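Coordinates as given in coords02.tsv (TSV, C-alpha atoms and all ligand atoms):
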chain	number	residue	atom	x	y	z
A	1	MET	CA	82.81	105.99	75.06
A	2	GLN	CA	82.63	107.22	71.49
A	3	GLU	CA	86.41	107.11	71.30
A	4	ILE	CA	86.40	103.47	72.43
A	5	GLU	CA	83.95	102.65	69.65
A	6	LEU	CA	86.19	104.44	67.14
A	7	LEU	CA	89.25	102.52	68.37
A	8	LYS	CA	87.28	99.28	68.18
A	9	GLU	CA	86.35	100.08	64.60
A	10	LYS	CA	89.99	100.76	63.74
A	11	LEU	CA	91.02	97.47	65.33
A	12	ALA	CA	88.38	95.56	63.37
A	13	LYS	CA	90.64	95.19	60.33
A	14	PRO	CA	94.23	93.91	60.40
A	15	SER	CA	96.57	96.86	60.79
A	16	ARG	CA	100.21	97.65	61.31
A	17	ILE	CA	100.59	98.59	64.96
A	18	VAL	CA	103.57	99.98	66.84
A	19	ILE	CA	103.59	99.76	70.63
A	20	THR	CA	106.09	101.82	72.58
A	21	THR	CA	106.78	102.60	76.21
A	22	HIS	CA	109.11	104.68	78.38
A	23	ASP	CA	112.90	104.66	78.62
A	24	LYS	CA	114.34	101.93	80.85
A	25	PRO	CA	111.06	100.01	80.87
A	26	ASP	CA	109.93	98.56	84.18
A	27	ALA	CA	107.42	95.73	84.65
A	28	ASP	CA	104.44	98.04	84.14
A	29	ALA	CA	105.92	99.47	80.95
A	30	LEU	CA	106.96	96.14	79.43
A	31	GLY	CA	103.99	94.21	80.85
A	32	SER	CA	101.46	96.62	79.37
A	33	SER	CA	103.33	96.64	76.04
A	34	LEU	CA	103.63	92.86	75.72
A	35	GLY	CA	100.20	92.19	77.23
A	36	MET	CA	98.68	94.48	74.63
A	37	ALA	CA	100.93	93.12	71.85
A	38	ASN	CA	100.01	89.48	72.55
A	39	LEU	CA	96.33	90.30	72.53
A	40	LEU	CA	96.38	92.43	69.38
A	41	LYS	CA	98.34	89.69	67.60
A	42	LYS	CA	95.41	87.36	68.24
A	43	LEU	CA	93.23	89.80	66.32
A	44	GLY	CA	95.51	89.42	63.30
A	45	HIS	CA	97.45	92.66	63.55
A	46	ASP	CA	101.08	93.07	62.62
A	47	ILE	CA	102.73	94.24	65.86
A	48	THR	CA	106.10	95.88	66.46
A	49	VAL	CA	107.03	96.67	70.07
A	50	ILE	CA	109.81	99.27	70.30
A	51	THR	CA	111.41	100.23	73.61
A	52	PRO	CA	113.66	103.31	73.80
A	53	SER	CA	116.31	101.37	75.75
A	54	ASP	CA	117.10	97.96	77.17
A	55	TYR	CA	115.46	96.70	80.34
A	56	PRO	CA	116.22	94.32	83.23
A	57	GLY	CA	116.74	90.60	82.65
A	58	PHE	CA	114.06	89.81	85.24
A	59	LEU	CA	111.47	90.92	82.66
A	60	HIS	CA	112.69	88.67	79.86
A	61	TRP	CA	110.27	85.83	80.73
A	62	MET	CA	107.32	87.74	79.32
A	63	LYS	CA	105.84	86.25	76.17
A	64	GLY	CA	106.93	88.23	73.11
A	65	ASN	CA	110.14	89.49	74.74
A	66	ASP	CA	112.29	88.00	71.97
A	67	GLU	CA	110.61	90.10	69.30
A	68	VAL	CA	110.96	93.44	71.09
A	69	LYS	CA	112.97	95.99	69.09
A	70	ILE	CA	115.27	97.98	71.35
A	71	PHE	CA	115.81	101.41	69.79
A	72	THR	CA	119.48	101.55	70.70
A	73	ASP	CA	120.13	98.14	69.05
A	74	GLU	CA	118.42	99.10	65.78
A	75	THR	CA	119.18	101.79	63.23
A	76	PRO	CA	117.21	105.02	63.74
A	77	GLN	CA	116.10	104.67	60.09
A	78	ASP	CA	114.45	101.31	60.76
A	79	CYS	CA	112.68	102.67	63.84
A	80	GLN	CA	111.54	105.72	61.89
A	81	GLN	CA	110.13	103.43	59.20
A	82	TRP	CA	108.19	101.24	61.66
A	83	VAL	CA	106.73	104.29	63.39
A	84	ASN	CA	105.85	106.03	60.10
A	85	ASP	CA	104.27	102.95	58.58
A	86	ALA	CA	102.07	102.24	61.60
A	87	ASP	CA	98.32	102.64	61.21
A	88	ILE	CA	98.00	102.77	64.98
A	89	ILE	CA	100.59	103.66	67.65
A	90	PHE	CA	100.06	102.68	71.27
A	91	ALA	CA	102.04	104.83	73.72
A	92	LEU	CA	101.95	103.03	77.06
A	93	ASP	CA	102.94	104.05	80.58
A	94	PHE	CA	104.24	107.53	79.83
A	95	SER	CA	102.59	110.91	79.53
A	96	VAL	CA	105.17	113.07	77.76
A	97	LEU	CA	107.03	112.23	74.55
A	98	SER	CA	110.39	113.22	76.04
A	99	ARG	CA	110.15	109.97	78.08
A	100	ILE	CA	110.85	107.93	74.93
A	101	ASN	CA	113.97	109.85	73.90
A	102	GLU	CA	114.55	110.12	70.11
A	103	LEU	CA	111.46	108.04	69.44
A	104	GLY	CA	109.41	110.94	70.81
A	105	GLU	CA	109.71	113.19	67.78
A	106	MET	CA	109.20	110.21	65.44
A	107	VAL	CA	105.92	109.41	67.17
A	108	ARG	CA	104.87	113.06	67.21
A	109	GLN	CA	105.39	113.38	63.42
A	110	ALA	CA	103.93	109.98	62.52
A	111	PRO	CA	100.65	109.92	60.58
A	112	GLY	CA	99.11	106.93	62.45
A	113	TYR	CA	96.28	107.04	64.99
A	114	LYS	CA	97.81	107.49	68.45
A	115	VAL	CA	96.49	105.91	71.61
A	116	ASN	CA	97.99	106.84	74.99
A	117	VAL	CA	97.25	104.57	77.97
A	118	ASP	CA	98.80	105.95	81.12
A	119	HIS	CA	98.53	106.88	84.79
A	120	HIS	CA	101.09	109.70	85.13
A	121	LEU	CA	100.29	113.33	85.91
A	122	ASP	CA	100.24	116.19	83.41
A	123	PRO	CA	99.85	114.39	80.09
A	124	GLU	CA	101.12	116.05	76.95
A	125	ASP	CA	98.52	116.44	74.22
A	126	PHE	CA	99.94	114.16	71.53
A	127	ALA	CA	97.43	111.32	71.29
A	128	ASP	CA	94.18	111.00	69.32
A	129	PHE	CA	92.72	108.87	72.10
A	130	ARG	CA	93.84	109.02	75.68
A	131	TYR	CA	92.83	106.30	78.14
A	132	TRP	CA	94.25	107.92	81.19
A	133	SER	CA	93.68	107.99	84.94
A	134	THR	CA	96.01	109.04	87.72
A	135	GLU	CA	93.78	107.01	90.06
A	136	ALA	CA	95.02	103.82	88.44
A	137	ALA	CA	97.91	102.11	90.21
A	138	ALA	CA	99.39	100.84	86.97
A	139	THR	CA	99.10	101.17	83.22
A	140	CYS	CA	98.54	97.40	83.20
A	141	GLU	CA	95.38	97.96	85.27
A	142	LEU	CA	94.16	100.47	82.66
A	143	CYS	CA	95.09	98.12	79.80
A	144	TYR	CA	93.00	95.38	81.37
A	145	GLU	CA	90.03	97.74	81.64
A	146	LEU	CA	90.51	99.03	78.10
A	147	LEU	CA	90.65	95.49	76.72
A	148	VAL	CA	87.45	94.62	78.59
A	149	SER	CA	85.75	97.80	77.30
A	150	LEU	CA	86.80	96.88	73.78
A	151	GLY	CA	85.10	93.50	74.21
A	152	TYR	CA	88.29	91.42	74.17
A	153	GLU	CA	88.03	89.95	77.67
A	154	GLU	CA	87.70	86.41	76.37
A	155	LEU	CA	90.98	86.77	74.46
A	156	ILE	CA	93.01	87.41	77.62
A	157	ASP	CA	94.95	84.20	78.15
A	158	LYS	CA	97.50	83.09	80.76
A	159	ASP	CA	100.48	84.79	79.04
A	160	ILE	CA	98.66	88.10	78.61
A	161	ALA	CA	97.31	87.90	82.16
A	162	GLU	CA	100.84	87.35	83.52
A	163	CYS	CA	102.23	90.38	81.64
A	164	LEU	CA	99.46	92.57	83.08
A	165	TYR	CA	99.71	91.06	86.55
A	166	ALA	CA	103.46	91.84	86.63
A	167	GLY	CA	102.91	95.57	86.08
A	168	ILE	CA	100.22	95.83	88.72
A	169	MET	CA	102.29	93.85	91.21
A	170	THR	CA	105.38	96.05	90.84
A	171	ASP	CA	103.66	99.45	90.55
A	172	THR	CA	101.87	98.75	93.84
A	173	GLY	CA	105.15	97.66	95.44
A	174	GLY	CA	103.85	94.11	95.77
A	175	PHE	CA	100.34	95.27	96.77
A	176	ARG	CA	101.68	97.40	99.62
A	177	HIS	CA	101.51	101.05	98.45
A	178	PRO	CA	98.47	103.28	99.09
A	179	ASN	CA	97.53	102.88	95.39
A	180	THR	CA	96.56	99.24	96.12
A	181	THR	CA	92.82	99.82	95.79
A	182	LYS	CA	89.83	97.52	95.80
A	183	ASN	CA	89.83	97.83	92.01
A	184	VAL	CA	93.46	96.63	91.91
A	185	HIS	CA	92.50	93.50	93.83
A	186	GLU	CA	89.47	92.97	91.61
A	187	VAL	CA	91.53	93.27	88.44
A	188	VAL	CA	94.26	90.91	89.68
A	189	ALA	CA	91.57	88.45	90.79
A	190	GLN	CA	90.34	88.45	87.18
A	191	LEU	CA	93.89	87.99	85.90
A	192	ILE	CA	94.40	85.00	88.19
A	193	GLU	CA	91.05	83.65	86.99
A	194	LYS	CA	92.44	83.90	83.46
A	195	GLY	CA	95.41	81.77	84.43
A	196	ALA	CA	98.07	84.15	85.76
A	197	ASP	CA	100.37	82.21	88.07
A	198	ASN	CA	100.92	84.97	90.62
A	199	SER	CA	103.56	83.09	92.54
A	200	ARG	CA	105.59	82.39	89.36
A	201	VAL	CA	105.42	86.04	88.30
A	202	SER	CA	106.57	87.17	91.72
A	203	LYS	CA	109.44	84.66	91.73
A	204	ASN	CA	110.52	85.72	88.23
A	205	ILE	CA	110.61	89.38	89.14
A	206	TYR	CA	111.74	89.54	92.74
A	207	ASP	CA	113.74	86.35	93.24
A	208	LYS	CA	116.12	86.08	90.30
A	209	ASN	CA	119.13	87.79	91.84
A	210	SER	CA	122.72	87.29	90.75
A	211	LEU	CA	125.27	86.93	93.54
A	212	ASN	CA	126.90	90.13	92.22
A	213	ARG	CA	123.69	92.02	92.70
A	214	LEU	CA	123.26	90.83	96.29
A	215	ARG	CA	126.89	91.69	97.07
A	216	PHE	CA	126.32	95.10	95.52
A	217	ILE	CA	123.23	95.69	97.68
A	218	GLY	CA	125.25	94.68	100.74
A	219	TYR	CA	127.99	97.11	99.74
A	220	ALA	CA	125.57	99.95	98.99
A	221	LEU	CA	123.78	99.49	102.32
A	222	SER	CA	127.02	99.66	104.26
A	223	GLU	CA	128.98	102.24	102.20
A	224	ASN	CA	126.57	104.44	100.21
A	225	LEU	CA	123.47	104.79	102.35
A	226	LYS	CA	123.43	108.09	104.24
A	227	ILE	CA	120.82	109.62	106.47
A	228	ILE	CA	120.14	113.29	107.18
A	229	PRO	CA	118.11	112.95	110.38
A	230	GLU	CA	117.29	116.66	110.73
A	231	TYR	CA	115.35	116.51	107.44
A	232	GLN	CA	113.99	112.94	107.67
A	233	VAL	CA	115.87	112.15	104.44
A	234	ALA	CA	117.98	109.13	103.47
A	235	TYR	CA	119.78	108.54	100.21
A	236	PHE	CA	122.26	106.48	98.22
A	237	ALA	CA	124.82	108.25	96.02
A	238	ILE	CA	126.59	105.72	93.82
A	239	THR	CA	129.46	106.34	91.43
A	240	GLU	CA	129.91	104.75	88.03
A	241	GLU	CA	133.10	103.11	89.29
A	242	GLU	CA	131.20	101.39	92.12
A	243	LEU	CA	128.55	100.12	89.71
A	244	ALA	CA	131.28	98.79	87.40
A	245	ARG	CA	133.06	97.08	90.27
A	246	PHE	CA	129.99	94.91	90.89
A	247	GLU	CA	129.34	94.44	87.16
A	248	SER	CA	126.01	96.14	87.72
A	249	LYS	CA	123.46	95.45	84.99
A	250	THR	CA	120.27	97.25	83.98
A	251	GLY	CA	117.80	96.66	86.80
A	252	ASP	CA	120.36	95.81	89.47
A	253	THR	CA	119.60	99.00	91.42
A	254	GLU	CA	115.82	98.52	91.08
A	255	GLY	CA	114.20	98.71	94.50
A	256	LEU	CA	117.38	99.86	96.26
A	257	VAL	CA	115.87	103.25	97.10
A	258	ASN	CA	113.16	101.48	99.12
A	259	TYR	CA	115.72	100.44	101.71
A	260	ALA	CA	116.36	104.13	102.35
A	261	LEU	CA	112.63	104.80	102.60
A	262	SER	CA	112.17	101.88	104.99
A	263	ILE	CA	114.22	103.59	107.71
A	264	GLU	CA	111.94	104.61	110.53
A	265	GLY	CA	111.15	108.32	110.46
A	266	VAL	CA	112.31	108.85	106.86
A	267	THR	CA	109.90	110.84	104.67
A	268	LEU	CA	111.97	111.23	101.50
A	269	ALA	CA	114.46	108.77	100.03
A	270	GLY	CA	116.74	109.18	97.05
A	271	LEU	CA	118.95	107.10	94.79
A	272	PHE	CA	121.53	109.10	92.85
A	273	LYS	CA	123.31	107.05	90.25
A	274	GLU	CA	126.20	108.35	88.18
A	275	SER	CA	126.29	107.40	84.51
A	276	GLU	CA	128.90	109.03	82.24
A	277	ASP	CA	128.36	112.78	82.65
A	278	LYS	CA	124.82	112.41	83.95
A	279	VAL	CA	123.16	111.48	87.21
A	280	LYS	CA	119.93	109.48	87.24
A	281	ILE	CA	117.71	110.20	90.22
A	282	SER	CA	115.01	108.08	91.84
A	283	LEU	CA	112.92	109.58	94.62
A	284	ARG	CA	110.44	107.89	96.95
A	285	SER	CA	108.32	109.49	99.65
A	286	ILE	CA	105.65	108.66	102.17
A	287	GLY	CA	102.24	110.26	102.69
A	288	GLU	CA	101.56	113.61	101.13
A	289	PHE	CA	105.15	114.55	100.45
A	290	PRO	CA	105.41	115.42	96.72
A	291	ALA	CA	108.46	113.57	95.37
A	292	ASN	CA	107.24	114.40	91.84
A	293	GLU	CA	107.39	118.14	92.60
A	294	VAL	CA	111.00	117.85	93.76
A	295	ALA	CA	111.85	115.78	90.65
A	296	ALA	CA	110.19	118.29	88.32
A	297	ARG	CA	111.56	121.44	89.95
A	298	PHE	CA	115.16	120.36	90.37
A	299	PHE	CA	115.88	117.23	88.36
A	300	ASN	CA	114.18	117.63	84.93
A	301	GLY	CA	111.80	114.84	85.80
A	302	GLY	CA	108.43	114.02	87.28
A	303	GLY	CA	106.35	111.00	88.18
A	304	HIS	CA	103.90	110.19	90.93
A	305	ARG	CA	103.61	111.80	94.34
A	306	ASN	CA	105.37	108.93	96.13
A	307	ALA	CA	107.62	107.66	93.30
A	308	ALA	CA	109.37	110.02	90.94
A	309	GLY	CA	112.59	110.42	89.05
A	310	GLY	CA	114.67	112.54	86.77
A	311	ARG	CA	118.17	113.18	85.50
A	312	VAL	CA	120.68	116.01	85.48
A	313	GLU	CA	123.84	116.69	83.53
A	314	MET	CA	126.05	117.42	86.51
A	315	SER	CA	128.66	115.60	88.50
A	316	LEU	CA	127.45	113.37	91.32
A	317	GLU	CA	129.04	115.75	93.80
A	318	GLU	CA	127.21	118.79	92.37
A	319	THR	CA	123.95	116.85	92.29
A	320	MET	CA	124.26	115.95	95.96
A	321	LYS	CA	125.02	119.58	96.82
A	322	LEU	CA	121.90	120.64	94.94
A	323	PHE	CA	119.78	117.99	96.67
A	324	LYS	CA	120.95	119.05	100.12
A	325	SER	CA	120.39	122.72	99.31
A	326	ILE	CA	116.70	122.21	98.57
A	327	LEU	CA	115.87	120.42	101.82
A	328	PRO	CA	115.46	123.49	104.09
A	329	GLU	CA	112.58	124.69	101.90
A	330	TYR	CA	110.75	121.38	102.50
A	331	ALA	CA	111.71	121.04	106.17
A	332	GLN	CA	108.22	121.49	107.54
A	333	GLN	CA	106.55	119.01	105.17
A	334	LEU	CA	109.32	116.47	105.68
A	335	GLU	CA	108.85	116.65	109.44
A	336	GLU	CA	105.05	116.61	109.33
A	337	GLU	CA	104.84	113.45	107.21
A	338	SER	CA	107.39	111.70	109.36
A	339	LYS	CA	105.21	112.30	112.44
A	340	LYS	CA	102.00	111.05	110.82
A	341	VAL	CA	102.94	107.39	110.73
B	1	LIG	P1	112.18	105.07	88.97
B	1	LIG	O1	112.69	105.75	90.18
B	1	LIG	O2	111.64	103.72	89.27
B	1	LIG	O3	113.11	105.14	87.82
B	1	LIG	O4	110.93	105.93	88.51
B	1	LIG	C1	109.81	106.12	89.34
B	1	LIG	C2	108.77	106.94	88.62
B	1	LIG	O5	109.30	108.23	88.39
B	1	LIG	C3	108.43	106.40	87.23
B	1	LIG	O6	107.31	105.58	87.29
B	1	LIG	C4	108.13	107.65	86.47
B	1	LIG	O7	106.81	108.02	86.73
B	1	LIG	C5	108.98	108.71	87.11
B	1	LIG	N1	110.24	109.03	86.41
B	1	LIG	C6	111.42	108.41	86.53
B	1	LIG	N2	112.36	109.00	85.77
B	1	LIG	C7	111.75	110.04	85.15
B	1	LIG	C8	112.18	111.04	84.23
B	1	LIG	O8	113.35	111.11	83.83
B	1	LIG	N3	111.24	111.93	83.82
B	1	LIG	C9	109.94	111.89	84.26
B	1	LIG	N4	109.08	112.80	83.81
B	1	LIG	N5	109.52	110.96	85.12
B	1	LIG	C10	110.38	110.05	85.57
B	2	MN	MN	103.51	102.58	85.52

Let's see the structure in the file written out as structure tokens.
Amino acid sequence: MQEIELLKEKLAKPSRIVITTHDKPDADALGSSLGMANLLKKLGHDITVITPSDYPGFLHWMKGNDEVKIFTDETPQDCQQWVNDADIIFALDFSVLSRINELGEMVRQAPGYKVNVDHHLDPEDFADFRYWSTEAAATCELCYELLVSLGYEELIDKDIAECLYAGIMTDTGGFRHPNTTKNVHEVVAQLIEKGADNSRVSKNIYDKNSLNRLRFIGYALSENLKIIPEYQVAYFAITEEELARFESKTGDTEGLVNYALSIEGVTLAGLFKESEDKVKISLRSIGEFPANEVAARFFNGGGHRNAAGGRVEMSLEETMKLFKSILPEYAQQLEEESKKV
């Protein structure tokens, strides 16, 4: 409570504020960043939103998108300057500084007051004020609560409400995952009350496919999707060449892994995507199966129990060998969860 008062005091005078979020921002990352940015602008602050990388086109409708600085499009010197000059830095939707790539060390060294709003496990101790709960479905849910606690509820308008709604909608898998609590419904009810057009947000995010993307999904479902029935595992392994063939853009593989998880009896699903000499991994699981543990132990990553990810510097072939080699150790848990539903 005291920390909220201190933050409120700091926000009482116009300041330079940097807002940053994790690599390859999703709707929760960008929605919390732009929701917060739009509100803090109303208070007269000078806001710079910096993302470590680009993000999918289906997020570009959010208000303030045009002013976002993408680290890889700017010079590192400019980014360093913005971060160093900031009186306050908001770090949203990530718990460890390695999730923002080169920006991480800049933020660590920066003299400004650091606020971390997040719902991931095992937070690193880098912030002066942490508004953190792993019980929250989304960082956008926490941002809404923080804004209310700070006394800014009346400033939440339609645009801000839609940014926050987007993150909650996607991090709950469209209000379907077990993290879809009563509180989630209460918060989104408030956001709709404030003008969020829930149907428009959903259309913008889920129904803006290119024909290439749909053809790619069709191809991946028929050619890349494999199942290992004895371990209740299904996965996609996709080469860089295949992605290039369908002119795959950032965000085009978003949600693909859920098709693997939707197969009856599957406990753990994976998406393994080759990119230069790396492989990016997305894992999804049902029930108690710890996808985040698998991501952390074998793939330099982490995340939530049912949605995690990571990356390795190996060939796709080696990565798939590694993945298959770890399954026997989890055989019992994989089978147990599969039987529960
Ligand atoms: P996605 O599969 O959608 O990329 O990521 C799902 C979740 O896994 C994210 O919300 C995040 O919590 C976690 N995650 C994804 N990639 C990484 C990574 O490289 N490192 C860590 N620590 N977590 C990740
Ligand atoms: Mn999130």

- Could you please extract the residues within 9 Å of ligand LIG 1 (chain B), counting all atoms listed in the file, and hand them back as JSON, numbers by chain? {"A": [22, 23, 24, 25, 26, 28, 29, 93, 94, 95, 96, 98, 99, 119, 120, 121, 171, 254, 255, 257, 270, 271, 280, 281, 282, 283, 284, 291, 292, 295, 296, 299, 300, 301, 302, 303, 304, 305, 306, 307, 308, 309, 310, 311, 312]}

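When only C-alpha atoms are used to measure the gap to Gly35 (chain A), the shortest distance among A:Asp157, A:Glu240, A:Glu5, A:Glu105 belongs to A:Asp157.
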
Counting all atoms listed in the file, which residues have an atom no more than 7 Å from (114.8, 111.0, 106.3) in the file's coordinates? Please list them as a CSV table (one decimal) with C-alpha atoms, in the frame of the given file.
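Now in result.csv:
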chain,number,residue,atom,x,y,z
A,227,ILE,CA,120.8,109.6,106.5
A,228,ILE,CA,120.1,113.3,107.2
A,229,PRO,CA,118.1,113.0,110.4
A,231,TYR,CA,115.4,116.5,107.4
A,232,GLN,CA,114.0,112.9,107.7
A,233,VAL,CA,115.9,112.2,104.4
A,234,ALA,CA,118.0,109.1,103.5
A,265,GLY,CA,111.2,108.3,110.5
A,266,VAL,CA,112.3,108.8,106.9
A,267,THR,CA,109.9,110.8,104.7
A,268,LEU,CA,112.0,111.2,101.5
A,269,ALA,CA,114.5,108.8,100.0

- Message: Just checking: using only C-alpha atoms and all ligand atoms, which residue out of A:Leu316, A:Ala237, A:Ala138, A:Val117 ends up closest to ligand MN 2 (chain B)?
- Response: A:Ala138

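CA of Gln77 (chain A) lies 10.3 Å from CA of Met106 (chain A).
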
Box for region 23-35 of chain A: with edges along x, y and z, all listed atoms inside and 4 Å added on each side, what are the centre and edge lengths in Å to one decimal, as lines of an AutoDock Vina configuration file?
center_x = 107.3
center_y = 98.4
center_z = 80.2
size_x = 22.1
size_y = 20.5
size_z = 16.9

- Atom pair CA of Leu6 (chain A) / CA of Leu150 (chain A): separation (Å): 10.1 Å

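Picture a line from CA of Gly173 (chain A) to CA of Ile192 (chain A); it runs 18.1 Å.
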
- Find, counting all atoms listed in the file, the residue in A:Ile88, A:Leu327, A:Ile168, A:Leu155 that gets nearest to ligand MN 2 (chain B). A:Ile168

- Query: Which residues, protein or nucleic acid, reach to within 9 Å of (105.5, 90.2, 95.0) in the file's coordinates when using only C-alpha atoms, and can you give that as a PyMOL selection string?
  - Reply: chain A and resi 166+169-170+173-175+198-199+201-203+205-206

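Nearest to Ser222 (chain A) of all the residues A:Val83, A:Leu164, A:Val49, A:Ala260 is A:Ala260, counting only C-alpha atoms.
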
- Task: Name the residues in contact with Glu241 (chain A) at a cut-off of 12 Å, using all atoms listed in the file, excluding same-chain residues fewer than 3 positions from it; report them as a list in words.
- Result: Ala237, Ile238, Ala244, Arg245, Phe246, Glu247, Ser248, Lys273, Glu274, Ser275, Glu276 and Leu316 of chain A

- Task: Can you work out which one of A:Val18, A:Pro56, A:Lys42, A:Thr239 has the shortest atom-to-atom distance to Ile156 (chain A), counting only C-alpha atoms?
- Result: A:Lys42

Just region 131-147 of chain A, please, as a PDB file, in the first residue's frame (only C-alpha atoms).
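Result went into decode-v6.pdb, see below:
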ATOM      1  CA  TYR A 131       2.918  -5.171  -8.643  1.00  0.00           C
ATOM      2  CA  TRP A 132       2.952  -8.862  -9.206  1.00  0.00           C
ATOM      3  CA  SER A 133       0.633 -11.842  -8.888  1.00  0.00           C
ATOM      4  CA  THR A 134       0.818 -15.247 -10.518  1.00  0.00           C
ATOM      5  CA  GLU A 135      -2.899 -15.587  -9.748  1.00  0.00           C
ATOM      6  CA  ALA A 136      -3.657 -12.929 -12.341  1.00  0.00           C
ATOM      7  CA  ALA A 137      -4.560 -14.229 -15.787  1.00  0.00           C
ATOM      8  CA  ALA A 138      -2.963 -11.273 -17.528  1.00  0.00           C
ATOM      9  CA  THR A 139      -0.739  -8.285 -16.911  1.00  0.00           C
ATOM     10  CA  CYS A 140      -3.601  -6.202 -18.324  1.00  0.00           C
ATOM     11  CA  GLU A 141      -5.779  -7.417 -15.433  1.00  0.00           C
ATOM     12  CA  LEU A 142      -3.104  -6.243 -12.976  1.00  0.00           C
ATOM     13  CA  CYS A 143      -2.702  -2.922 -14.808  1.00  0.00           C
ATOM     14  CA  TYR A 144      -6.428  -2.293 -14.482  1.00  0.00           C
ATOM     15  CA  GLU A 145      -6.251  -2.988 -10.736  1.00  0.00           C
ATOM     16  CA  LEU A 146      -3.143  -0.853 -10.306  1.00  0.00           C
ATOM     17  CA  LEU A 147      -4.765   2.061 -12.148  1.00  0.00           C
TER      18      LEU A 147
END
